[in-house]
Amino acid sequence: MVSCIVVADDLTGANATGVLLRKQGYSTDTILNIVDGDINSLTDCECVTFTTDSRGVDAKTAYNRVFNITKMFEGSNPAFLNKRIDSTLRGNLGAETDAMLDAMGESYTAIVVPCAPASGRVTIGGYMTVNGVVLHKTEAALDPKTPIRDPRVQKLFEQQTKYPVASIYIKDLDKGVDWLANEVQLLVHESNRIIIFDAITQEDIDLISEAVIKSGIKFIAVDPGAFTANLAQKLIVPSEVNASLNKILVLQGSVNPVAKTQMENFWLAQQVYNVYVKTKLLIQDEETRNKEIERVVQDILSHTKDYELFSATGDGIQPEYRLNLPKIAREKGCTVDELSNVINFSMAKIAHEIFEKEPNFQGIYTSGGDVTAAFCKTAHTLGLSLQDEPVPLAAGGELIEGDFPGKRIITKGGMTAAPDAINVCIAKLKAMLNM
């Protein structure tokens, strides 16, 4: 059954979004040529991406191509639809969004989230930037077919659409899911058919997804792919879940911004069950610490039937939860190293209990040297039998002796490697486990 329909203005965009969906376990096909009678052959595919090859054509032609494809699925009741747009806002944004709205009917609203954190495309204050440079100062302004002259997202849409447009800015995201859901309902009630969201991080995208779903409106996702992939995680259960009995745990103790970016890319690209560890509770007292450890362990163990990949992530990876360890150390009359050790060994204990209670956990990825050392000590591991270097400054191999001999491990420093480093390491770990 087709649950997600993606209509992209070029083949590269269709494939890019399709790959994101496929990495999360959804069967996905990119369709190049189709007529009405062919749609019945797509029933075995969960996600279908189409290309209209319409980025450089006139607005009327682009409208017709998108409208005709979308109309084929009228009444099929997919979980959601996506109008895949260019990550630098080139092409017939307004005409193609109008086409999908018209094909689906007046009860639908377009939710635009022009953000691709993994490639540095973000929107703040209504302006799109690419790696910190406003859009019209980038190479997008030099595109020979569809040059960008204005970095304001709402302005670009208003120049092309026939419908009212509204925006929700980054400052509003701090007001939370309930406020955002109510604001979406209000803007729809005021007859806005296109609502544009600022977004900078994967967490912003996740918050927006939750709010839009909670609002209860019928919507079309308009974005370069990250928003759609996040929605899919929340709205579609992939048929391939639990295809393997081997489970992998990612133990993330680093609070470095590099590690944060890598984890965001990991969560986006694959279906992962993540639990944030409340590090503040780990350093309060022994009873509070043990309760937090048990909470995380039980949360992960209760979802082992539904996922292959899990992550236990120290919440300090988010700046708003990062602890001021020097200040806390002074208040408690101890050293920063002592506090860090408590956190690291607590994270290690979480991993140890998970591996001890669920034998299907066969692989672990650890980020940060201190966390890795704490895990090995907690597991009474003699050492690591090194076998590979998945990415620079990462090591893969097996645990030697101890509580979990032969279990596979990849470990990497929190400040090293490229944004996709964790995905590369997990792919290697899966290969090591023959998953």
# chains A, B, ... in the order shown; residues from 1 in each chain; ligands from 1
>>> select_by_dssp(residues="stretch 299-385 of chain A", states="strand (DSSP E or B)", output="PyMOL selection string")
chain A and resi 309-314+361-367+383-385
>>> residues_around(residues="A:Ala116", least_positions_apart="6", cutoff="9 Å", atoms="only C-alpha atoms", output="ChimeraX atom specification")
/A:87,122,199-202,223-227
>>> closest_residue(among="A:Val57, A:Leu20, A:Thr228, A:Gly132", to="A:Val112", atoms="only C-alpha atoms")
A:Thr228
>>> residues_around(residues="stretch 387-389 of chain A", least_positions_apart="3", cutoff="12 Å", atoms="only C-alpha atoms", output="mmCIF file with C-alpha atoms, in the first residue's frame")
data_model
loop_
_atom_site.group_PDB
_atom_site.id
_atom_site.type_symbol
_atom_site.label_atom_id
_atom_site.label_comp_id
_atom_site.auth_asym_id
_atom_site.auth_seq_id
_atom_site.Cartn_x
_atom_site.Cartn_y
_atom_site.Cartn_z
ATOM 1 C CA LEU A 384 39.577 -4.752 21.881
ATOM 2 C CA PRO A 392 39.496 8.295 10.326
ATOM 3 C CA LEU A 393 40.161 8.028 14.079
ATOM 4 C CA ALA A 394 37.478 5.371 14.562
ATOM 5 C CA ALA A 395 38.260 1.758 15.454
ATOM 6 C CA GLY A 396 36.155 -1.350 14.928
ATOM 7 C CA GLY A 397 36.575 -4.823 16.311
ATOM 8 C CA GLU A 398 35.511 -7.279 19.013
ATOM 9 C CA LEU A 399 35.452 -7.167 22.804
ATOM 10 C CA ARG A 408 31.212 -6.133 18.047
ATOM 11 C CA ILE A 409 32.200 -2.546 18.805
ATOM 12 C CA ILE A 410 33.062 0.605 16.908
ATOM 13 C CA THR A 411 34.361 3.544 18.882
ATOM 14 C CA LYS A 412 35.158 7.099 17.830
ATOM 15 C CA ALA A 417 35.174 12.942 11.404
ATOM 16 C CA ALA A 421 30.492 9.530 10.330
ATOM 17 C CA VAL A 424 29.241 5.123 8.048
ATOM 18 C CA CYS A 425 30.208 3.436 11.314
ATOM 19 C CA LYS A 428 30.170 -1.050 8.967
ATOM 20 C CA LEU A 429 28.870 -2.451 12.255
ATOM 21 C CA ALA A 431 28.239 -5.559 7.926
ATOM 22 C CA MET A 432 30.303 -6.976 10.780
#
>>> residues_around(residues="stretch 280-290 of chain A", least_positions_apart="2", cutoff="10 Å", atoms="only C-alpha atoms", output="NGL selection string")
:A and (277-278 or 292-295 or 314-316 or 321-323 or 328 or 332 or 338-347 or 349-350)
>>> atom_distance(atom1="atom CA of A:Ser3", atom2="atom CA of A:Phe80")
6.8 Å
>>> closest_residue(among="A:Ala329, A:Val66, A:Leu156, A:Val297", to="A:Asp102", atoms="only C-alpha atoms")
A:Val66
>>> closest_residue(among="A:Asn324, A:Gln159, A:Ser311, A:Asn246", to="A:Gln270", atoms="only C-alpha atoms")
A:Ser311
>>> atom_distance(atom1="atom CA of A:Asp420", atom2="atom CA of A:Val177")
28.7 Å
>>> closest_atom_pairs(of="stretch 35-139 of chain A", to="stretch 4-10 of chain A", cutoff="6 Å", atoms="only C-alpha atoms", output="tab-separated table")
residue	atom	partner	partner_atom	distance
A:Cys47	CA	A:Cys4	CA	4.7
A:Val48	CA	A:Ile5	CA	5.1
A:Thr49	CA	A:Val6	CA	4.4
A:Phe50	CA	A:Val7	CA	4.9
A:Thr51	CA	A:Ala8	CA	4.9
A:Thr52	CA	A:Asp9	CA	5.1
A:Asp53	CA	A:Asp10	CA	4.6
A:Ser54	CA	A:Asp9	CA	5.0
A:Arg55	CA	A:Asp9	CA	5.3
A:Pro78	CA	A:Cys4	CA	5.8
A:Ala79	CA	A:Cys4	CA	5.9
A:Phe80	CA	A:Cys4	CA	5.4
A:Leu81	CA	A:Ile5	CA	4.9
A:Asn82	CA	A:Val6	CA	4.6
A:Lys83	CA	A:Val7	CA	5.1
A:Arg84	CA	A:Ala8	CA	4.6
>>> write_last_selection(atoms="all heavy atoms", output="compact mmCIF listing (two decimals), in the first residue's frame")
# COMPACT_ATOMS: atom_id res chain seq x y z
N CYS A 47 6.44 3.85 -0.27
CA CYS A 47 6.71 5.24 -0.64
C CYS A 47 7.03 5.30 -2.13
O CYS A 47 7.83 4.51 -2.64
CB CYS A 47 7.88 5.80 0.17
SG CYS A 47 7.62 5.77 1.96
N VAL A 48 6.41 6.25 -2.81
CA VAL A 48 6.61 6.40 -4.24
C VAL A 48 7.05 7.83 -4.52
O VAL A 48 6.42 8.79 -4.05
CB VAL A 48 5.34 6.09 -5.04
CG1 VAL A 48 5.59 6.25 -6.54
CG2 VAL A 48 4.85 4.69 -4.74
N THR A 49 8.15 7.99 -5.24
CA THR A 49 8.61 9.33 -5.62
C THR A 49 8.49 9.49 -7.13
O THR A 49 8.81 8.58 -7.89
CB THR A 49 10.08 9.56 -5.19
OG1 THR A 49 10.94 8.74 -5.97
CG2 THR A 49 10.27 9.25 -3.72
N PHE A 50 8.00 10.64 -7.54
CA PHE A 50 7.83 10.97 -8.95
C PHE A 50 8.69 12.18 -9.30
O PHE A 50 8.92 13.05 -8.46
CB PHE A 50 6.37 11.34 -9.25
CG PHE A 50 5.40 10.23 -9.05
CD1 PHE A 50 4.78 10.04 -7.82
CD2 PHE A 50 5.07 9.36 -10.08
CE1 PHE A 50 3.88 9.02 -7.62
CE2 PHE A 50 4.17 8.33 -9.90
CZ PHE A 50 3.56 8.16 -8.66
N THR A 51 9.14 12.22 -10.52
CA THR A 51 9.81 13.42 -11.01
C THR A 51 9.00 14.02 -12.14
O THR A 51 8.57 13.31 -13.06
CB THR A 51 11.24 13.10 -11.50
OG1 THR A 51 11.80 14.28 -12.09
CG2 THR A 51 11.26 11.98 -12.51
N THR A 52 8.77 15.33 -12.06
CA THR A 52 8.03 16.03 -13.12
C THR A 52 8.95 16.78 -14.07
O THR A 52 8.48 17.36 -15.06
CB THR A 52 7.04 17.03 -12.49
OG1 THR A 52 7.75 17.90 -11.61
CG2 THR A 52 5.95 16.29 -11.72
N ASP A 53 10.25 16.79 -13.76
CA ASP A 53 11.23 17.48 -14.61
C ASP A 53 10.73 18.89 -14.95
O ASP A 53 10.71 19.30 -16.10
CB ASP A 53 11.47 16.68 -15.89
CG ASP A 53 12.69 17.18 -16.66
OD1 ASP A 53 13.58 17.79 -16.04
OD2 ASP A 53 12.73 16.99 -17.89
N SER A 54 10.36 19.63 -13.92
CA SER A 54 9.66 20.90 -14.15
C SER A 54 10.35 22.11 -13.53
O SER A 54 9.78 23.20 -13.53
CB SER A 54 8.24 20.80 -13.56
OG SER A 54 8.27 20.37 -12.21
N ARG A 55 11.56 21.95 -13.05
CA ARG A 55 12.21 23.08 -12.39
C ARG A 55 12.46 24.24 -13.35
O ARG A 55 12.30 25.40 -12.98
CB ARG A 55 13.53 22.64 -11.74
CG ARG A 55 14.23 23.77 -10.99
CD ARG A 55 15.45 23.27 -10.24
NE ARG A 55 15.05 22.28 -9.25
CZ ARG A 55 15.92 21.55 -8.53
NH1 ARG A 55 17.22 21.71 -8.74
NH2 ARG A 55 15.50 20.68 -7.65
N PRO A 78 -3.39 8.36 1.24
CA PRO A 78 -2.04 8.09 1.76
C PRO A 78 -1.85 8.74 3.13
O PRO A 78 -2.61 9.64 3.52
CB PRO A 78 -1.14 8.75 0.71
CG PRO A 78 -1.97 9.87 0.16
CD PRO A 78 -3.39 9.35 0.15
N ALA A 79 -0.84 8.29 3.87
CA ALA A 79 -0.56 8.88 5.18
C ALA A 79 -0.23 10.36 5.03
O ALA A 79 -0.65 11.19 5.84
CB ALA A 79 0.59 8.14 5.85
N PHE A 80 0.53 10.70 3.99
CA PHE A 80 0.78 12.10 3.68
C PHE A 80 1.42 12.23 2.31
O PHE A 80 1.88 11.25 1.72
CB PHE A 80 1.66 12.78 4.75
CG PHE A 80 3.09 12.31 4.78
CD1 PHE A 80 4.10 13.03 4.16
CD2 PHE A 80 3.43 11.15 5.45
CE1 PHE A 80 5.40 12.60 4.20
CE2 PHE A 80 4.75 10.71 5.51
CZ PHE A 80 5.74 11.44 4.87
N LEU A 81 1.40 13.47 1.80
CA LEU A 81 2.00 13.78 0.50
C LEU A 81 3.12 14.78 0.69
O LEU A 81 3.11 15.59 1.62
CB LEU A 81 0.96 14.37 -0.45
CG LEU A 81 -0.24 13.51 -0.82
CD1 LEU A 81 -1.42 13.88 0.07
CD2 LEU A 81 -0.62 13.71 -2.28
N ASN A 82 4.07 14.73 -0.25
CA ASN A 82 5.19 15.65 -0.21
C ASN A 82 5.39 16.31 -1.57
O ASN A 82 5.41 15.66 -2.59
CB ASN A 82 6.49 14.92 0.18
CG ASN A 82 7.74 15.72 -0.17
OD1 ASN A 82 8.41 15.44 -1.14
ND2 ASN A 82 8.05 16.72 0.62
N LYS A 83 5.51 17.64 -1.55
CA LYS A 83 5.99 18.37 -2.72
C LYS A 83 7.45 18.66 -2.47
O LYS A 83 7.80 19.54 -1.69
CB LYS A 83 5.20 19.67 -2.90
CG LYS A 83 5.83 20.64 -3.96
CD LYS A 83 5.45 20.27 -5.37
CE LYS A 83 6.43 19.39 -6.06
NZ LYS A 83 7.78 19.87 -6.28
N ARG A 84 8.30 17.86 -3.07
CA ARG A 84 9.73 18.00 -2.84
C ARG A 84 10.23 19.23 -3.59
O ARG A 84 10.08 19.35 -4.80
CB ARG A 84 10.46 16.75 -3.32
CG ARG A 84 11.86 16.56 -2.71
CD ARG A 84 12.94 17.34 -3.38
NE ARG A 84 14.24 17.11 -2.77
CZ ARG A 84 15.35 17.74 -3.11
NH1 ARG A 84 15.32 18.66 -4.07
NH2 ARG A 84 16.48 17.48 -2.50
>>> residues_around(residues="A:Tyr127", least_positions_apart="4", cutoff="7 Å", atoms="only C-alpha atoms", output="PDB file with C-alpha atoms, in the first residue's frame")
ATOM      1  CA  THR A 123      15.847  29.127   7.574  1.00  0.00           C
ATOM      2  CA  PRO A 151      16.547  35.051   0.399  1.00  0.00           C
ATOM      3  CA  ARG A 152      13.117  35.597   2.030  1.00  0.00           C
ATOM      4  CA  VAL A 153      11.167  32.347   1.796  1.00  0.00           C
TER       5      VAL A 153
END
>>> closest_residue(among="A:Leu135, A:Ala211, A:Leu249, A:Ile124", to="A:Leu89", atoms="only C-alpha atoms")
A:Leu135
>>> select_by_dssp(residues="stretch 20-257 of chain A", states="alpha helix (DSSP H)", output="PyMOL selection string")
chain A and resi 20-23+59-72+93-104+153-158+170-173+176-189+202-215+226-235+257
>>> write_last_selection(atoms="C-alpha atoms", output="CSV table (one decimal), in the first residue's frame")
chain,number,residue,atom,x,y,z
A,20,LEU,CA,16.1,9.0,3.0
A,21,LEU,CA,12.9,7.0,3.2
A,22,ARG,CA,14.6,3.8,2.1
A,23,LYS,CA,17.3,4.1,4.7
A,59,ALA,CA,4.9,28.0,-14.3
A,60,LYS,CA,1.8,26.8,-16.2
A,61,THR,CA,3.5,23.7,-17.5
A,62,ALA,CA,4.9,22.9,-14.0
A,63,TYR,CA,1.5,23.3,-12.5
A,64,ASN,CA,-0.1,20.9,-15.0
A,65,ARG,CA,2.5,18.2,-14.5
A,66,VAL,CA,2.3,18.3,-10.7
A,67,PHE,CA,-1.5,18.5,-10.8
A,68,ASN,CA,-1.9,15.5,-13.1
A,69,ILE,CA,0.3,13.2,-11.0
A,70,THR,CA,-1.3,14.2,-7.7
A,71,LYS,CA,-4.8,13.8,-9.1
A,72,MET,CA,-4.1,10.2,-9.9
A,93,LEU,CA,7.7,26.8,-5.8
A,94,GLY,CA,4.4,28.5,-5.8
A,95,ALA,CA,2.9,27.0,-9.0
A,96,GLU,CA,3.8,23.4,-8.0
A,97,THR,CA,2.5,23.9,-4.4
A,98,ASP,CA,-0.7,25.3,-5.8
A,99,ALA,CA,-1.1,22.3,-8.1
A,100,MET,CA,-1.0,19.9,-5.2
A,101,LEU,CA,-3.3,21.9,-3.1
A,102,ASP,CA,-5.8,22.2,-6.0
A,103,ALA,CA,-5.6,18.5,-6.7
A,104,MET,CA,-6.2,17.5,-3.1
A,153,VAL,CA,11.2,32.3,1.8
A,154,GLN,CA,7.7,33.9,2.2
A,155,LYS,CA,8.5,36.5,-0.4
A,156,LEU,CA,9.6,33.8,-2.9
A,157,PHE,CA,6.3,31.9,-2.4
A,158,GLU,CA,4.2,35.1,-2.5
A,170,ILE,CA,12.4,30.4,15.0
A,171,LYS,CA,11.5,32.4,18.1
A,172,ASP,CA,8.1,30.8,18.1
A,173,LEU,CA,9.4,27.3,18.3
A,176,GLY,CA,6.3,24.4,22.4
A,177,VAL,CA,4.2,21.8,20.6
A,178,ASP,CA,0.8,22.8,22.0
A,179,TRP,CA,1.3,26.5,21.1
A,180,LEU,CA,2.5,25.6,17.6
A,181,ALA,CA,-0.4,23.2,17.0
A,182,ASN,CA,-2.8,25.9,18.0
A,183,GLU,CA,-1.1,28.5,15.9
A,184,VAL,CA,-1.3,26.2,12.9
A,185,GLN,CA,-5.0,25.8,13.5
A,186,LEU,CA,-5.5,29.5,13.8
A,187,LEU,CA,-3.6,30.3,10.6
A,188,VAL,CA,-5.6,27.7,8.7
A,189,HIS,CA,-8.8,29.2,10.1
A,202,GLN,CA,16.8,18.3,13.2
A,203,GLU,CA,15.2,18.9,16.6
A,204,ASP,CA,13.4,21.9,15.2
A,205,ILE,CA,12.1,19.7,12.4
A,206,ASP,CA,11.0,17.0,14.9
A,207,LEU,CA,9.1,19.7,16.9
A,208,ILE,CA,7.4,21.0,13.8
A,209,SER,CA,6.3,17.5,12.8
A,210,GLU,CA,4.8,16.8,16.2
A,211,ALA,CA,3.0,20.1,16.2
A,212,VAL,CA,1.6,19.7,12.6
A,213,ILE,CA,0.4,16.2,13.4
A,214,LYS,CA,-1.1,17.3,16.7
A,215,SER,CA,-3.0,20.2,15.0
A,226,ALA,CA,14.3,16.1,6.0
A,227,PHE,CA,10.8,17.1,7.2
A,228,THR,CA,9.2,14.4,5.1
A,229,ALA,CA,11.6,11.7,6.4
A,230,ASN,CA,10.7,12.8,10.0
A,231,LEU,CA,7.0,12.7,9.3
A,232,ALA,CA,7.4,9.2,7.8
A,233,GLN,CA,8.9,8.0,11.1
A,234,LYS,CA,5.9,9.2,12.9
A,235,LEU,CA,3.1,8.3,10.5
A,257,PRO,CA,28.8,20.2,18.5
>>> atom_distance(atom1="atom CA of A:Pro117", atom2="atom CA of A:Met263")
11.6 Å
